[in-house]
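The data block below is coords.pdb; it holds PDB, N, CA and C atoms.
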ATOM      1  N   MET N  30     -51.465 -33.031  16.444  1.00  0.00           N
ATOM      2  CA  MET N  30     -51.586 -31.929  15.496  1.00  0.00           C
ATOM      3  C   MET N  30     -52.436 -32.372  14.310  1.00  0.00           C
ATOM      4  N   ASN N  31     -53.193 -31.440  13.809  1.00  0.00           N
ATOM      5  CA  ASN N  31     -53.973 -31.811  12.638  1.00  0.00           C
ATOM      6  C   ASN N  31     -53.126 -31.660  11.378  1.00  0.00           C
ATOM      7  N   LYS N  32     -53.631 -32.220  10.287  1.00  0.00           N
ATOM      8  CA  LYS N  32     -52.851 -32.260   9.038  1.00  0.00           C
ATOM      9  C   LYS N  32     -52.551 -30.879   8.487  1.00  0.00           C
ATOM     10  N   SER N  33     -53.464 -29.923   8.612  1.00  0.00           N
ATOM     11  CA  SER N  33     -53.211 -28.583   8.063  1.00  0.00           C
ATOM     12  C   SER N  33     -52.116 -27.865   8.843  1.00  0.00           C
ATOM     13  N   ALA N  34     -52.025 -28.071  10.129  1.00  0.00           N
ATOM     14  CA  ALA N  34     -50.968 -27.450  10.930  1.00  0.00           C
ATOM     15  C   ALA N  34     -49.605 -28.046  10.556  1.00  0.00           C
ATOM     16  N   ILE N  35     -49.552 -29.332  10.326  1.00  0.00           N
ATOM     17  CA  ILE N  35     -48.311 -29.984   9.909  1.00  0.00           C
ATOM     18  C   ILE N  35     -47.893 -29.481   8.531  1.00  0.00           C
ATOM     19  N   ALA N  36     -48.851 -29.383   7.620  1.00  0.00           N
ATOM     20  CA  ALA N  36     -48.550 -28.887   6.273  1.00  0.00           C
ATOM     21  C   ALA N  36     -48.060 -27.443   6.329  1.00  0.00           C
ATOM     22  N   ALA N  37     -48.677 -26.614   7.139  1.00  0.00           N
ATOM     23  CA  ALA N  37     -48.261 -25.216   7.269  1.00  0.00           C
ATOM     24  C   ALA N  37     -46.851 -25.123   7.840  1.00  0.00           C
ATOM     25  N   ALA N  38     -46.531 -25.943   8.808  1.00  0.00           N
ATOM     26  CA  ALA N  38     -45.191 -25.950   9.399  1.00  0.00           C
ATOM     27  C   ALA N  38     -44.150 -26.380   8.375  1.00  0.00           C
ATOM     28  N   MET N  39     -44.482 -27.358   7.547  1.00  0.00           N
ATOM     29  CA  MET N  39     -43.544 -27.812   6.521  1.00  0.00           C
ATOM     30  C   MET N  39     -43.308 -26.725   5.474  1.00  0.00           C
ATOM     31  N   VAL N  40     -44.353 -26.034   5.052  1.00  0.00           N
ATOM     32  CA  VAL N  40     -44.217 -24.955   4.070  1.00  0.00           C
ATOM     33  C   VAL N  40     -43.358 -23.838   4.648  1.00  0.00           C
ATOM     34  N   LEU N  41     -43.609 -23.476   5.903  1.00  0.00           N
ATOM     35  CA  LEU N  41     -42.826 -22.435   6.554  1.00  0.00           C
ATOM     36  C   LEU N  41     -41.351 -22.821   6.639  1.00  0.00           C
ATOM     37  N   ALA N  42     -41.069 -24.061   6.952  1.00  0.00           N
ATOM     38  CA  ALA N  42     -39.681 -24.530   7.036  1.00  0.00           C
ATOM     39  C   ALA N  42     -38.985 -24.450   5.683  1.00  0.00           C
ATOM     40  N   VAL N  43     -39.668 -24.823   4.626  1.00  0.00           N
ATOM     41  CA  VAL N  43     -39.086 -24.780   3.283  1.00  0.00           C
ATOM     42  C   VAL N  43     -38.855 -23.340   2.843  1.00  0.00           C
ATOM     43  N   VAL N  44     -39.838 -22.475   3.046  1.00  0.00           N
ATOM     44  CA  VAL N  44     -39.715 -21.074   2.632  1.00  0.00           C
ATOM     45  C   VAL N  44     -38.609 -20.372   3.394  1.00  0.00           C
ATOM     46  N   SER N  45     -38.485 -20.614   4.676  1.00  0.00           N
ATOM     47  CA  SER N  45     -37.471 -19.922   5.472  1.00  0.00           C
ATOM     48  C   SER N  45     -36.069 -20.430   5.180  1.00  0.00           C
ATOM     49  N   SER N  46     -35.927 -21.617   4.646  1.00  0.00           N
ATOM     50  CA  SER N  46     -34.602 -22.157   4.385  1.00  0.00           C
ATOM     51  C   SER N  46     -34.094 -21.856   2.977  1.00  0.00           C
ATOM     52  N   THR N  47     -34.930 -21.366   2.077  1.00  0.00           N
ATOM     53  CA  THR N  47     -34.503 -21.167   0.702  1.00  0.00           C
ATOM     54  C   THR N  47     -33.419 -20.111   0.578  1.00  0.00           C
ATOM     55  N   GLY N  48     -33.377 -19.118   1.429  1.00  0.00           N
ATOM     56  CA  GLY N  48     -32.348 -18.090   1.365  1.00  0.00           C
ATOM     57  C   GLY N  48     -31.020 -18.549   1.928  1.00  0.00           C
ATOM     58  N   ALA N  49     -30.995 -19.705   2.572  1.00  0.00           N
ATOM     59  CA  ALA N  49     -29.786 -20.162   3.239  1.00  0.00           C
ATOM     60  C   ALA N  49     -28.857 -20.959   2.325  1.00  0.00           C
ATOM     61  N   PHE N  50     -29.297 -21.295   1.130  1.00  0.00           N
ATOM     62  CA  PHE N  50     -28.459 -22.086   0.241  1.00  0.00           C
ATOM     63  C   PHE N  50     -27.305 -21.261  -0.291  1.00  0.00           C
ATOM     64  N   ALA N  51     -26.110 -21.806  -0.200  1.00  0.00           N
ATOM     65  CA  ALA N  51     -24.928 -21.100  -0.695  1.00  0.00           C
ATOM     66  C   ALA N  51     -24.841 -21.236  -2.210  1.00  0.00           C
ATOM     67  N   LYS N  52     -24.397 -20.161  -2.830  1.00  0.00           N
ATOM     68  CA  LYS N  52     -24.185 -20.139  -4.271  1.00  0.00           C
ATOM     69  C   LYS N  52     -22.729 -19.804  -4.497  1.00  0.00           C
ATOM     70  N   ALA N  53     -22.280 -19.913  -5.736  1.00  0.00           N
ATOM     71  CA  ALA N  53     -20.893 -19.579  -6.054  1.00  0.00           C
ATOM     72  C   ALA N  53     -20.838 -18.721  -7.308  1.00  0.00           C
ATOM     73  N   ALA N  54     -19.895 -17.799  -7.319  1.00  0.00           N
ATOM     74  CA  ALA N  54     -19.659 -16.945  -8.483  1.00  0.00           C
ATOM     75  C   ALA N  54     -18.157 -16.882  -8.711  1.00  0.00           C
ATOM     76  N   THR N  55     -17.756 -16.923  -9.967  1.00  0.00           N
ATOM     77  CA  THR N  55     -16.351 -16.804 -10.320  1.00  0.00           C
ATOM     78  C   THR N  55     -16.177 -15.557 -11.162  1.00  0.00           C
ATOM     79  N   GLY N  56     -15.126 -14.796 -10.851  1.00  0.00           N
ATOM     80  CA  GLY N  56     -14.880 -13.585 -11.612  1.00  0.00           C
ATOM     81  C   GLY N  56     -13.593 -12.916 -11.186  1.00  0.00           C
ATOM     82  N   THR N  57     -13.334 -11.770 -11.803  1.00  0.00           N
ATOM     83  CA  THR N  57     -12.136 -11.002 -11.516  1.00  0.00           C
ATOM     84  C   THR N  57     -12.519  -9.823 -10.627  1.00  0.00           C
ATOM     85  N   ILE N  58     -11.739  -9.589  -9.585  1.00  0.00           N
ATOM     86  CA  ILE N  58     -12.012  -8.482  -8.680  1.00  0.00           C
ATOM     87  C   ILE N  58     -11.762  -7.172  -9.418  1.00  0.00           C
ATOM     88  N   ALA N  59     -12.804  -6.351  -9.520  1.00  0.00           N
ATOM     89  CA  ALA N  59     -12.710  -5.063 -10.205  1.00  0.00           C
ATOM     90  C   ALA N  59     -12.392  -3.938  -9.227  1.00  0.00           C
ATOM     91  N   SER N  60     -12.930  -4.039  -8.001  1.00  0.00           N
ATOM     92  CA  SER N  60     -12.637  -3.025  -6.994  1.00  0.00           C
ATOM     93  C   SER N  60     -12.794  -3.609  -5.601  1.00  0.00           C
ATOM     94  N   ILE N  61     -12.107  -2.954  -4.649  1.00  0.00           N
ATOM     95  CA  ILE N  61     -12.142  -3.379  -3.255  1.00  0.00           C
ATOM     96  C   ILE N  61     -12.472  -2.155  -2.411  1.00  0.00           C
ATOM     97  N   ASP N  62     -13.488  -2.288  -1.566  1.00  0.00           N
ATOM     98  CA  ASP N  62     -13.853  -1.220  -0.632  1.00  0.00           C
ATOM     99  C   ASP N  62     -13.391  -1.656   0.754  1.00  0.00           C
ATOM    100  N   LYS N  63     -12.207  -1.190   1.160  1.00  0.00           N
ATOM    101  CA  LYS N  63     -11.634  -1.613   2.440  1.00  0.00           C
ATOM    102  C   LYS N  63     -12.435  -1.088   3.623  1.00  0.00           C
ATOM    103  N   LYS N  64     -12.964   0.125   3.516  1.00  0.00           N
ATOM    104  CA  LYS N  64     -13.763   0.688   4.621  1.00  0.00           C
ATOM    105  C   LYS N  64     -15.105  -0.025   4.744  1.00  0.00           C
ATOM    106  N   GLY N  65     -15.700  -0.358   3.624  1.00  0.00           N
ATOM    107  CA  GLY N  65     -16.999  -1.028   3.622  1.00  0.00           C
ATOM    108  C   GLY N  65     -16.904  -2.533   3.677  1.00  0.00           C
ATOM    109  N   ASP N  66     -15.672  -3.076   3.697  1.00  0.00           N
ATOM    110  CA  ASP N  66     -15.449  -4.531   3.709  1.00  0.00           C
ATOM    111  C   ASP N  66     -16.261  -5.236   2.628  1.00  0.00           C
ATOM    112  N   SER N  67     -16.033  -4.813   1.370  1.00  0.00           N
ATOM    113  CA  SER N  67     -16.721  -5.460   0.260  1.00  0.00           C
ATOM    114  C   SER N  67     -15.831  -5.465  -0.973  1.00  0.00           C
ATOM    115  N   ILE N  68     -16.169  -6.362  -1.892  1.00  0.00           N
ATOM    116  CA  ILE N  68     -15.480  -6.412  -3.186  1.00  0.00           C
ATOM    117  C   ILE N  68     -16.528  -6.395  -4.287  1.00  0.00           C
ATOM    118  N   THR N  69     -16.131  -5.894  -5.431  1.00  0.00           N
ATOM    119  CA  THR N  69     -16.990  -5.918  -6.608  1.00  0.00           C
ATOM    120  C   THR N  69     -16.258  -6.670  -7.706  1.00  0.00           C
ATOM    121  N   LEU N  70     -16.938  -7.622  -8.319  1.00  0.00           N
ATOM    122  CA  LEU N  70     -16.356  -8.371  -9.423  1.00  0.00           C
ATOM    123  C   LEU N  70     -16.595  -7.622 -10.726  1.00  0.00           C
ATOM    124  N   SER N  71     -15.906  -8.052 -11.773  1.00  0.00           N
ATOM    125  CA  SER N  71     -16.006  -7.383 -13.072  1.00  0.00           C
ATOM    126  C   SER N  71     -17.411  -7.457 -13.669  1.00  0.00           C
ATOM    127  N   ASP N  72     -18.245  -8.387 -13.193  1.00  0.00           N
ATOM    128  CA  ASP N  72     -19.630  -8.477 -13.691  1.00  0.00           C
ATOM    129  C   ASP N  72     -20.578  -7.533 -12.953  1.00  0.00           C
ATOM    130  N   GLY N  73     -20.039  -6.782 -11.977  1.00  0.00           N
ATOM    131  CA  GLY N  73     -20.839  -5.812 -11.245  1.00  0.00           C
ATOM    132  C   GLY N  73     -21.396  -6.292  -9.928  1.00  0.00           C
ATOM    133  N   LYS N  74     -21.270  -7.576  -9.609  1.00  0.00           N
ATOM    134  CA  LYS N  74     -21.781  -8.091  -8.341  1.00  0.00           C
ATOM    135  C   LYS N  74     -20.879  -7.634  -7.201  1.00  0.00           C
ATOM    136  N   THR N  75     -21.497  -7.115  -6.132  1.00  0.00           N
ATOM    137  CA  THR N  75     -20.755  -6.664  -4.962  1.00  0.00           C
ATOM    138  C   THR N  75     -21.063  -7.583  -3.797  1.00  0.00           C
ATOM    139  N   PHE N  76     -20.013  -8.047  -3.127  1.00  0.00           N
ATOM    140  CA  PHE N  76     -20.141  -8.979  -2.011  1.00  0.00           C
ATOM    141  C   PHE N  76     -19.591  -8.347  -0.743  1.00  0.00           C
ATOM    142  N   THR N  77     -20.339  -8.443   0.356  1.00  0.00           N
ATOM    143  CA  THR N  77     -19.814  -8.014   1.644  1.00  0.00           C
ATOM    144  C   THR N  77     -18.949  -9.135   2.198  1.00  0.00           C
ATOM    145  N   LEU N  78     -17.869  -8.762   2.863  1.00  0.00           N
ATOM    146  CA  LEU N  78     -16.929  -9.737   3.394  1.00  0.00           C
ATOM    147  C   LEU N  78     -17.243 -10.041   4.851  1.00  0.00           C
ATOM    148  N   PRO N  79     -17.164 -11.307   5.243  1.00  0.00           N
ATOM    149  CA  PRO N  79     -17.430 -11.673   6.636  1.00  0.00           C
ATOM    150  C   PRO N  79     -16.191 -11.443   7.496  1.00  0.00           C
ATOM    151  N   GLU N  80     -16.369 -11.552   8.794  1.00  0.00           N
ATOM    152  CA  GLU N  80     -15.234 -11.528   9.715  1.00  0.00           C
ATOM    153  C   GLU N  80     -14.297 -12.662   9.316  1.00  0.00           C
ATOM    154  N   GLY N  81     -13.016 -12.407   9.334  1.00  0.00           N
ATOM    155  CA  GLY N  81     -12.045 -13.440   8.988  1.00  0.00           C
ATOM    156  C   GLY N  81     -11.500 -13.326   7.576  1.00  0.00           C
ATOM    157  N   ILE N  82     -12.191 -12.597   6.700  1.00  0.00           N
ATOM    158  CA  ILE N  82     -11.663 -12.343   5.359  1.00  0.00           C
ATOM    159  C   ILE N  82     -11.396 -10.850   5.286  1.00  0.00           C
ATOM    160  N   GLU N  83     -10.130 -10.498   5.270  1.00  0.00           N
ATOM    161  CA  GLU N  83      -9.735  -9.099   5.256  1.00  0.00           C
ATOM    162  C   GLU N  83      -9.573  -8.608   3.827  1.00  0.00           C
ATOM    163  N   ALA N  84     -10.120  -7.440   3.541  1.00  0.00           N
ATOM    164  CA  ALA N  84     -10.035  -6.855   2.203  1.00  0.00           C
ATOM    165  C   ALA N  84      -8.580  -6.639   1.793  1.00  0.00           C
ATOM    166  N   GLU N  85      -7.710  -6.374   2.755  1.00  0.00           N
ATOM    167  CA  GLU N  85      -6.296  -6.127   2.465  1.00  0.00           C
ATOM    168  C   GLU N  85      -5.579  -7.344   1.876  1.00  0.00           C
ATOM    169  N   THR N  86      -6.133  -8.530   2.058  1.00  0.00           N
ATOM    170  CA  THR N  86      -5.494  -9.744   1.538  1.00  0.00           C
ATOM    171  C   THR N  86      -5.845 -10.006   0.078  1.00  0.00           C
ATOM    172  N   LEU N  87      -6.794  -9.230  -0.460  1.00  0.00           N
ATOM    173  CA  LEU N  87      -7.250  -9.422  -1.841  1.00  0.00           C
ATOM    174  C   LEU N  87      -6.646  -8.360  -2.742  1.00  0.00           C
ATOM    175  N   LYS N  88      -6.587  -8.648  -4.057  1.00  0.00           N
ATOM    176  CA  LYS N  88      -6.000  -7.718  -5.013  1.00  0.00           C
ATOM    177  C   LYS N  88      -6.921  -7.516  -6.210  1.00  0.00           C
ATOM    178  N   VAL N  89      -7.004  -6.260  -6.671  1.00  0.00           N
ATOM    179  CA  VAL N  89      -7.744  -5.965  -7.893  1.00  0.00           C
ATOM    180  C   VAL N  89      -7.073  -6.715  -9.035  1.00  0.00           C
ATOM    181  N   GLY N  90      -7.866  -7.341  -9.893  1.00  0.00           N
ATOM    182  CA  GLY N  90      -7.346  -8.131 -11.000  1.00  0.00           C
ATOM    183  C   GLY N  90      -7.213  -9.607 -10.682  1.00  0.00           C
ATOM    184  N   GLU N  91      -7.354  -9.968  -9.424  1.00  0.00           N
ATOM    185  CA  GLU N  91      -7.257 -11.365  -8.999  1.00  0.00           C
ATOM    186  C   GLU N  91      -8.539 -12.098  -9.384  1.00  0.00           C
ATOM    187  N   LYS N  92      -8.397 -13.297  -9.990  1.00  0.00           N
ATOM    188  CA  LYS N  92      -9.548 -14.119 -10.347  1.00  0.00           C
ATOM    189  C   LYS N  92      -9.889 -14.988  -9.145  1.00  0.00           C
ATOM    190  N   VAL N  93     -11.158 -14.901  -8.701  1.00  0.00           N
ATOM    191  CA  VAL N  93     -11.576 -15.594  -7.488  1.00  0.00           C
ATOM    192  C   VAL N  93     -12.895 -16.336  -7.685  1.00  0.00           C
ATOM    193  N   MET N  94     -13.141 -17.288  -6.788  1.00  0.00           N
ATOM    194  CA  MET N  94     -14.432 -17.943  -6.692  1.00  0.00           C
ATOM    195  C   MET N  94     -15.005 -17.556  -5.330  1.00  0.00           C
ATOM    196  N   VAL N  95     -16.178 -16.942  -5.341  1.00  0.00           N
ATOM    197  CA  VAL N  95     -16.819 -16.476  -4.121  1.00  0.00           C
ATOM    198  C   VAL N  95     -18.005 -17.379  -3.815  1.00  0.00           C
ATOM    199  N   THR N  96     -18.022 -17.948  -2.623  1.00  0.00           N
ATOM    200  CA  THR N  96     -19.184 -18.686  -2.150  1.00  0.00           C
ATOM    201  C   THR N  96     -19.987 -17.689  -1.320  1.00  0.00           C
ATOM    202  N   TYR N  97     -21.294 -17.582  -1.601  1.00  0.00           N
ATOM    203  CA  TYR N  97     -22.086 -16.541  -0.954  1.00  0.00           C
ATOM    204  C   TYR N  97     -23.531 -16.959  -0.750  1.00  0.00           C
ATOM    205  N   SER N  98     -24.224 -16.179   0.043  1.00  0.00           N
ATOM    206  CA  SER N  98     -25.666 -16.317   0.208  1.00  0.00           C
ATOM    207  C   SER N  98     -26.255 -14.914   0.186  1.00  0.00           C
ATOM    208  N   THR N  99     -27.550 -14.835   0.040  1.00  0.00           N
ATOM    209  CA  THR N  99     -28.221 -13.542   0.026  1.00  0.00           C
ATOM    210  C   THR N  99     -28.825 -13.298   1.392  1.00  0.00           C
ATOM    211  N   LYS N 100     -28.454 -12.163   2.000  1.00  0.00           N
ATOM    212  CA  LYS N 100     -28.976 -11.807   3.312  1.00  0.00           C
ATOM    213  C   LYS N 100     -29.479 -10.375   3.243  1.00  0.00           C
ATOM    214  N   ALA N 101     -30.736 -10.176   3.551  1.00  0.00           N
ATOM    215  CA  ALA N 101     -31.361  -8.848   3.536  1.00  0.00           C
ATOM    216  C   ALA N 101     -31.157  -8.159   2.196  1.00  0.00           C
ATOM    217  N   GLY N 102     -31.226  -8.928   1.112  1.00  0.00           N
ATOM    218  CA  GLY N 102     -31.098  -8.365  -0.219  1.00  0.00           C
ATOM    219  C   GLY N 102     -29.675  -8.089  -0.666  1.00  0.00           C
ATOM    220  N   LYS N 103     -28.692  -8.425   0.158  1.00  0.00           N
ATOM    221  CA  LYS N 103     -27.291  -8.199  -0.188  1.00  0.00           C
ATOM    222  C   LYS N 103     -26.571  -9.535  -0.341  1.00  0.00           C
ATOM    223  N   LEU N 104     -25.527  -9.538  -1.175  1.00  0.00           N
ATOM    224  CA  LEU N 104     -24.730 -10.738  -1.367  1.00  0.00           C
ATOM    225  C   LEU N 104     -23.652 -10.778  -0.299  1.00  0.00           C
ATOM    226  N   ALA N 105     -23.697 -11.796   0.540  1.00  0.00           N
ATOM    227  CA  ALA N 105     -22.758 -11.936   1.650  1.00  0.00           C
ATOM    228  C   ALA N 105     -21.827 -13.117   1.374  1.00  0.00           C
ATOM    229  N   ALA N 106     -20.532 -12.807   1.195  1.00  0.00           N
ATOM    230  CA  ALA N 106     -19.552 -13.851   0.933  1.00  0.00           C
ATOM    231  C   ALA N 106     -19.310 -14.677   2.189  1.00  0.00           C
ATOM    232  N   SER N 107     -19.175 -15.982   2.013  1.00  0.00           N
ATOM    233  CA  SER N 107     -18.797 -16.836   3.137  1.00  0.00           C
ATOM    234  C   SER N 107     -17.369 -17.340   2.962  1.00  0.00           C
ATOM    235  N   SER N 108     -16.906 -17.413   1.706  1.00  0.00           N
ATOM    236  CA  SER N 108     -15.497 -17.753   1.445  1.00  0.00           C
ATOM    237  C   SER N 108     -15.091 -17.214   0.090  1.00  0.00           C
ATOM    238  N   ILE N 109     -13.807 -16.916  -0.027  1.00  0.00           N
ATOM    239  CA  ILE N 109     -13.233 -16.443  -1.275  1.00  0.00           C
ATOM    240  C   ILE N 109     -11.945 -17.230  -1.512  1.00  0.00           C
ATOM    241  N   GLN N 110     -11.870 -17.874  -2.671  1.00  0.00           N
ATOM    242  CA  GLN N 110     -10.697 -18.679  -3.013  1.00  0.00           C
ATOM    243  C   GLN N 110     -10.194 -18.301  -4.390  1.00  0.00           C
ATOM    244  N   PRO N 111      -8.891 -18.458  -4.638  1.00  0.00           N
ATOM    245  CA  PRO N 111      -8.376 -18.214  -5.986  1.00  0.00           C
ATOM    246  C   PRO N 111      -9.063 -19.139  -6.983  1.00  0.00           C
ATOM    247  N   ALA N 112      -9.435 -18.616  -8.123  1.00  0.00           N
ATOM    248  CA  ALA N 112     -10.079 -19.434  -9.158  1.00  0.00           C
ATOM    249  C   ALA N 112      -9.014 -19.964 -10.103  1.00  0.00           C
ATOM    250  N   LYS N 113      -9.319 -21.100 -10.694  1.00  0.00           N
ATOM    251  CA  LYS N 113      -8.376 -21.719 -11.639  1.00  0.00           C
ATOM    252  C   LYS N 113      -8.674 -21.275 -13.036  1.00  0.00           C
TER     253      LYS N 113
END
Please express the file's structure as structure tokens.
Amino acid sequence: MNKSAIAAAMVLAVVSSTGAFAKAATGTIASIDKKGDSITLSDGKTFTLPEGIEAETLKVGEKVMVTYSTKAGKLAASSIQPAK
């Protein structure tokens, strides 16, 4: 392979992986959409819940830490834990 093809492959790998980094947000649950499988924190951020995290197990007013990533412009939670 020539050097430009290797450089292009490396740039593509870096750009495609930037959306995969998990982030974390801490806040109080302001609302729960059980039909839409999502929660909204008091700061206005709305997270979709993955399979395995049921909206029924969460409570409005509960302080949580949400680990999430951005997928198709939406915040997708990967885990939700009680915050300290």
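Interatomic distance, CA of Thr69 (chain N) against CA of Thr99 (chain N): 15.1 Å.
Each of N:Val89, N:Leu78, N:Ala106, N:Val95 was compared to Thr55 (chain N) using only C-alpha atoms, and N:Val95 turns out to be the nearest.
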- request: Report as a list in words the residues that result from applying the PyMOL selection byres (((chain N and resi 87 and name CA) around 12) and name CA) to the structure here.
  value: Thr57, Ile58, Ala59, Ser60, Ile61, Asp62, Lys63, Asp66, Ser67, Ile68, Thr69, Leu70, Leu78, Ile82, Glu83, Ala84, Glu85, Thr86, Lys88, Val89, Gly90, Glu91, Lys92, Val93, Ile109, Gln110 and Pro111 of chain N
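Between CA of Thr75 (chain N) and CA of Ala53 (chain N) there is a distance of 13.0 Å.
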message: When the PyMOL selection byres (((chain N and resi 105 and name CA) around 8) and name CA) is applied to the structure above, which residues does it catch, written out as a PyMOL selection string?
response: chain N and resi 76-79+97-100+103-104+106-107
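You will find CA of Asp72 (chain N) at 9.9 Å from CA of Ala54 (chain N).
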message: I need the alpha helix (DSSP H) residues of region 42-112 of chain N per DSSP on the backbone, written as a list of chain:residue names.
response: N:Ala42, N:Val43, N:Val44, N:Ser45, N:Ser46
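Nearest to Gly56 (chain N) of all the residues N:Lys113, N:Gly102, N:Met94, N:Gly81 is N:Met94, counting all atoms listed in the file.
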